[in-house]
Amino acid sequence: MASTESPRFSTNDVTVVFFLGGPGSGKGTQSANLVQNYGFVHLSAGDLLRAEQIREGSQYGAMIKEFITEGKIVPMEVTVALLSNAMADSLTNTPPPPGTKARFLIDGFPRKLDQAVFFEKTVCPSELVLFLDCPEDVMESRLLKRGETSGRDDDNAASIRKRFRTFVDTSMPVVEAFRAQDKVVTVQATGSVEEVYEIVKAGIEARGVHPR
Ligand code: ADP
Ligand code: C5P
Ligand code: MG
């Protein structure tokens, strides 16, 4: 029997934009600009997983650490619950201005088709997918540089190679599935931070997302 359950959040109250792109393509960097100018609440799935990994009392800490170091996708139930709860917290603690919908920029998610389907069914359907398109050699040099100071378990050559493989095999099919729904804004991400942001702005404004 078909489920009659509806998503936790309605698209009448909430706009969800998924932010995808390979590791090191610049999602976190561009998100900061989008928060400033468009009133997005930025939720990075990777940041939420890293916070859960070190949270005292978490039953998932060791599992998350292993998946992140191996560049593998953490089982979706964990990630979707973290995102859904972060959305609820944000709506409670920092609600959007009266008469406006909350805007969520969900960075690094969905990375696998099952996550996309499950999130849209149980949490909230997405409005748009912003995709940073970047060649691996550029991403690799950005990540190795970031690794000099990031302290991340996965900003090293061996993990980077595994993350690229996961991205090609598992995450690009998500982008393609959304492309088939005409939901994807693709941005070439090889220019400077400022150049990329100009293309990002033009892309989302063409889809009706305007500054706030
Ligand atoms: P992601 O969140 O997609 O993994 P980040 O935003 O963390 O990527 O960017 C990865 C690294 O590359 C960071 O050290 C960041 O400062 C740097 N970076 C981001 N965008 C650019 C860019 N357009 N040009 C050069 N370096 C960049
Ligand atoms: O997006 P970020 O590079 O911070 O993600 C780091 C890691 O977190 C990924 O390589 C993956 O192991 C894990 N992750 C995940 N599922 C997501 C997002 C991140 O398993 N949706
Ligand atoms: Mg990031």
# chains A, B, ... in the order shown; residues from 1 in each chain; ligands from 1

$ residues_around --residues "stretch 179-191 of chain A" --least-positions-apart "3" --cutoff "9 Å" --atoms "only C-alpha atoms" --output "VMD selection string"
chain A and resid 25 to 26 126 to 135 138 to 139 174 to 176 194 to 197 199 to 200 203 to 204 207

$ write_last_selection --atoms "N, CA and C atoms" --output "compact mmCIF listing (two decimals), in the first residue's frame"
# COMPACT_ATOMS: atom_id res chain seq x y z
N SER A 25 35.31 21.21 -4.72
CA SER A 25 34.82 22.05 -5.82
C SER A 25 34.48 23.46 -5.34
N GLY A 26 34.31 23.65 -4.02
CA GLY A 26 34.08 25.00 -3.49
C GLY A 26 32.71 25.22 -2.87
N SER A 126 12.96 19.09 -2.81
CA SER A 126 13.87 20.19 -3.17
C SER A 126 13.27 21.05 -4.26
N GLU A 127 13.74 22.31 -4.27
CA GLU A 127 13.32 23.27 -5.30
C GLU A 127 14.30 23.25 -6.47
N LEU A 128 15.59 23.14 -6.11
CA LEU A 128 16.66 23.36 -7.08
C LEU A 128 17.91 22.61 -6.63
N VAL A 129 18.78 22.32 -7.62
CA VAL A 129 20.07 21.71 -7.30
C VAL A 129 21.16 22.58 -7.94
N LEU A 130 22.04 23.08 -7.11
CA LEU A 130 23.16 23.87 -7.59
C LEU A 130 24.36 22.93 -7.68
N PHE A 131 24.98 22.85 -8.87
CA PHE A 131 26.04 21.86 -9.08
C PHE A 131 27.32 22.56 -9.53
N LEU A 132 28.37 22.42 -8.74
CA LEU A 132 29.68 22.98 -9.10
C LEU A 132 30.46 21.94 -9.88
N ASP A 133 30.75 22.26 -11.12
CA ASP A 133 31.43 21.35 -12.03
C ASP A 133 32.92 21.70 -12.04
N CYS A 134 33.76 20.76 -11.66
CA CYS A 134 35.19 21.08 -11.47
C CYS A 134 36.03 19.85 -11.80
N PRO A 135 37.10 20.01 -12.59
CA PRO A 135 37.94 18.85 -12.91
C PRO A 135 38.71 18.34 -11.69
N VAL A 138 42.03 20.07 -10.46
CA VAL A 138 41.82 21.32 -9.71
C VAL A 138 41.35 21.01 -8.29
N MET A 139 40.39 20.10 -8.18
CA MET A 139 39.88 19.74 -6.84
C MET A 139 41.00 19.14 -5.99
N VAL A 174 23.20 11.02 -8.93
CA VAL A 174 22.19 11.87 -8.29
C VAL A 174 22.01 13.15 -9.11
N VAL A 175 23.13 13.74 -9.50
CA VAL A 175 23.07 14.96 -10.32
C VAL A 175 22.32 14.66 -11.62
N GLU A 176 22.64 13.52 -12.22
CA GLU A 176 21.98 13.17 -13.49
C GLU A 176 20.47 12.97 -13.30
N GLU A 194 35.48 34.71 -6.55
CA GLU A 194 34.58 35.79 -6.97
C GLU A 194 33.95 35.48 -8.33
N GLU A 195 34.78 34.96 -9.24
CA GLU A 195 34.24 34.63 -10.58
C GLU A 195 33.17 33.55 -10.48
N VAL A 196 33.44 32.53 -9.68
CA VAL A 196 32.47 31.44 -9.55
C VAL A 196 31.18 31.99 -8.93
N TYR A 197 31.32 32.86 -7.95
CA TYR A 197 30.11 33.39 -7.29
C TYR A 197 29.24 34.18 -8.27
N ILE A 199 28.79 33.55 -11.36
CA ILE A 199 28.03 32.57 -12.17
C ILE A 199 26.94 31.90 -11.32
N VAL A 200 27.28 31.66 -10.06
CA VAL A 200 26.28 31.07 -9.14
C VAL A 200 25.07 32.01 -9.04
N GLY A 203 22.97 32.09 -12.10
CA GLY A 203 22.26 30.81 -12.28
C GLY A 203 21.03 30.69 -11.40
N ILE A 204 21.16 31.08 -10.13
CA ILE A 204 20.00 30.90 -9.26
C ILE A 204 18.96 32.00 -9.50
N ARG A 207 16.57 31.18 -11.98
CA ARG A 207 15.56 30.23 -11.48
C ARG A 207 14.67 30.86 -10.41

$ residues_around --residues "A:Met87" --least-positions-apart "2" --cutoff "12 Å" --atoms "only C-alpha atoms" --output "VMD selection string"
chain A and resid 8 to 9 13 to 16 40 to 45 48 80 to 85 89 to 96 102 to 106 123 to 124

$ write_last_selection --atoms "N, CA, C and O atoms" --output "short mmCIF file (atom, residue, chain, number, x, y, z; two decimals), in the first residue's frame"
data_model
loop_
_atom_site.label_atom_id
_atom_site.label_comp_id
_atom_site.auth_asym_id
_atom_site.auth_seq_id
_atom_site.Cartn_x
_atom_site.Cartn_y
_atom_site.Cartn_z
N ARG A 8 8.14 16.01 6.58
CA ARG A 8 8.13 16.75 7.84
C ARG A 8 7.91 18.25 7.62
O ARG A 8 7.27 18.91 8.42
N PHE A 9 8.49 18.78 6.52
CA PHE A 9 8.36 20.22 6.23
C PHE A 9 7.66 20.40 4.89
O PHE A 9 7.91 19.67 3.94
N ASP A 13 6.39 26.37 3.43
CA ASP A 13 7.12 27.06 4.51
C ASP A 13 8.61 27.12 4.27
O ASP A 13 9.31 27.94 4.87
N VAL A 14 9.11 26.21 3.44
CA VAL A 14 10.55 25.97 3.37
C VAL A 14 10.97 25.79 1.91
O VAL A 14 10.29 25.12 1.15
N THR A 15 12.09 26.42 1.54
CA THR A 15 12.69 26.17 0.23
C THR A 15 14.01 25.44 0.44
O THR A 15 14.88 25.94 1.17
N VAL A 16 14.16 24.29 -0.19
CA VAL A 16 15.39 23.51 -0.08
C VAL A 16 16.15 23.57 -1.40
O VAL A 16 15.60 23.24 -2.46
N PHE A 40 20.12 32.33 2.99
CA PHE A 40 20.07 30.87 3.18
C PHE A 40 20.59 30.49 4.55
O PHE A 40 21.51 31.12 5.09
N VAL A 41 20.01 29.44 5.12
CA VAL A 41 20.61 28.74 6.24
C VAL A 41 21.45 27.62 5.62
O VAL A 41 20.94 26.81 4.84
N HIS A 42 22.74 27.62 5.96
CA HIS A 42 23.66 26.65 5.36
C HIS A 42 23.78 25.42 6.25
O HIS A 42 24.17 25.55 7.42
N LEU A 43 23.46 24.27 5.69
CA LEU A 43 23.64 23.01 6.43
C LEU A 43 24.53 22.11 5.60
O LEU A 43 24.14 21.66 4.52
N SER A 44 25.74 21.85 6.10
CA SER A 44 26.66 20.96 5.41
C SER A 44 26.53 19.57 6.02
O SER A 44 26.75 19.38 7.22
N ALA A 45 26.18 18.60 5.18
CA ALA A 45 26.04 17.22 5.67
C ALA A 45 27.36 16.73 6.26
O ALA A 45 27.39 16.09 7.32
N LEU A 48 27.89 18.29 9.68
CA LEU A 48 27.01 17.67 10.68
C LEU A 48 27.53 16.29 11.07
O LEU A 48 27.49 15.90 12.25
N VAL A 80 20.29 11.85 7.24
CA VAL A 80 18.98 12.49 7.06
C VAL A 80 18.44 12.96 8.41
O VAL A 80 17.88 14.05 8.51
N ALA A 81 18.64 12.16 9.46
CA ALA A 81 18.16 12.58 10.78
C ALA A 81 18.90 13.84 11.24
O ALA A 81 18.28 14.77 11.79
N LEU A 82 20.21 13.89 11.01
CA LEU A 82 20.97 15.07 11.41
C LEU A 82 20.47 16.31 10.66
O LEU A 82 20.28 17.38 11.26
N LEU A 83 20.23 16.17 9.37
CA LEU A 83 19.76 17.31 8.58
C LEU A 83 18.35 17.74 9.00
O LEU A 83 18.08 18.94 9.18
N SER A 84 17.48 16.78 9.15
CA SER A 84 16.09 17.08 9.49
C SER A 84 16.02 17.79 10.84
O SER A 84 15.29 18.79 11.01
N ASN A 85 16.81 17.31 11.81
CA ASN A 85 16.80 17.94 13.13
C ASN A 85 17.43 19.33 13.08
O ASN A 85 16.97 20.25 13.77
N ASP A 89 15.60 22.74 14.25
CA ASP A 89 16.22 23.65 15.22
C ASP A 89 16.28 25.07 14.65
O ASP A 89 16.01 26.05 15.35
N SER A 90 16.68 25.17 13.39
CA SER A 90 16.80 26.48 12.78
C SER A 90 15.45 27.18 12.71
O SER A 90 15.34 28.38 13.01
N LEU A 91 14.42 26.44 12.35
CA LEU A 91 13.08 27.06 12.25
C LEU A 91 12.59 27.54 13.62
O LEU A 91 11.91 28.56 13.72
N THR A 92 12.97 26.81 14.66
CA THR A 92 12.57 27.21 16.01
C THR A 92 13.40 28.39 16.52
O THR A 92 12.85 29.37 17.04
N ASN A 93 14.72 28.29 16.34
CA ASN A 93 15.61 29.28 16.97
C ASN A 93 15.80 30.54 16.15
O ASN A 93 15.96 31.63 16.71
N THR A 94 15.85 30.41 14.84
CA THR A 94 16.02 31.59 13.98
C THR A 94 15.02 31.52 12.82
O THR A 94 15.41 31.26 11.68
N PRO A 95 13.75 31.73 13.13
CA PRO A 95 12.73 31.64 12.06
C PRO A 95 12.96 32.72 11.01
O PRO A 95 13.57 33.75 11.31
N PRO A 96 12.49 32.49 9.78
CA PRO A 96 12.69 33.49 8.72
C PRO A 96 11.82 34.72 8.99
O PRO A 96 10.90 34.65 9.80
N ALA A 102 11.55 29.97 4.87
CA ALA A 102 12.94 29.66 5.24
C ALA A 102 13.64 29.06 4.03
O ALA A 102 13.06 28.27 3.29
N ARG A 103 14.90 29.47 3.83
CA ARG A 103 15.70 28.91 2.72
C ARG A 103 16.83 28.08 3.29
O ARG A 103 17.66 28.60 4.05
N PHE A 104 16.89 26.82 2.89
CA PHE A 104 17.96 25.94 3.34
C PHE A 104 18.85 25.55 2.16
O PHE A 104 18.37 25.07 1.13
N LEU A 105 20.15 25.78 2.36
CA LEU A 105 21.15 25.37 1.38
C LEU A 105 21.81 24.12 1.95
O LEU A 105 22.55 24.18 2.93
N ILE A 106 21.52 22.99 1.35
CA ILE A 106 21.96 21.71 1.91
C ILE A 106 23.16 21.22 1.11
O ILE A 106 23.05 20.77 -0.03
N VAL A 123 11.39 14.38 4.44
CA VAL A 123 11.79 15.66 5.03
C VAL A 123 11.21 16.83 4.24
O VAL A 123 10.40 17.60 4.76
N CYS A 124 11.61 16.97 2.98
CA CYS A 124 11.08 18.08 2.17
C CYS A 124 11.54 17.92 0.72
O CYS A 124 12.73 17.68 0.49
#

$ residues_near_ligand --ligand "ligand 1" --cutoff "6 Å" --atoms "only C-alpha atoms and all ligand atoms" --output "PyMOL selection string"
chain A and resi 23-29+142-143+146+190-193

$ write_last_selection --atoms "C-alpha atoms" --output "PDB file, in the first residue's frame"
ATOM      1  CA  PRO A  23      35.119  17.219  -2.996  1.00  0.00           C
ATOM      2  CA  GLY A  24      37.014  20.505  -3.133  1.00  0.00           C
ATOM      3  CA  SER A  25      34.818  22.050  -5.820  1.00  0.00           C
ATOM      4  CA  GLY A  26      34.083  24.998  -3.491  1.00  0.00           C
ATOM      5  CA  LYS A  27      30.657  24.307  -1.980  1.00  0.00           C
ATOM      6  CA  GLY A  28      31.519  25.488   1.526  1.00  0.00           C
ATOM      7  CA  THR A  29      33.261  28.579   0.192  1.00  0.00           C
ATOM      8  CA  ARG A 142      42.638  22.593  -3.586  1.00  0.00           C
ATOM      9  CA  LEU A 143      42.108  19.695  -1.179  1.00  0.00           C
ATOM     10  CA  ARG A 146      43.228  22.691   2.486  1.00  0.00           C
ATOM     11  CA  THR A 190      37.482  26.579 -11.945  1.00  0.00           C
ATOM     12  CA  GLY A 191      37.649  30.373 -11.730  1.00  0.00           C
ATOM     13  CA  SER A 192      38.428  32.509  -8.701  1.00  0.00           C
ATOM     14  CA  VAL A 193      36.014  32.481  -5.758  1.00  0.00           C
TER      15      VAL A 193
END

$ closest_residue --among "A:Ala32, A:Ile73, A:Val17, A:Met172" --to "ligand 3" --atoms "only C-alpha atoms and all ligand atoms"
A:Ala32

$ select_by_dssp --residues "chain A" --states "alpha helix (DSSP H)" --output "count of residues only"
107
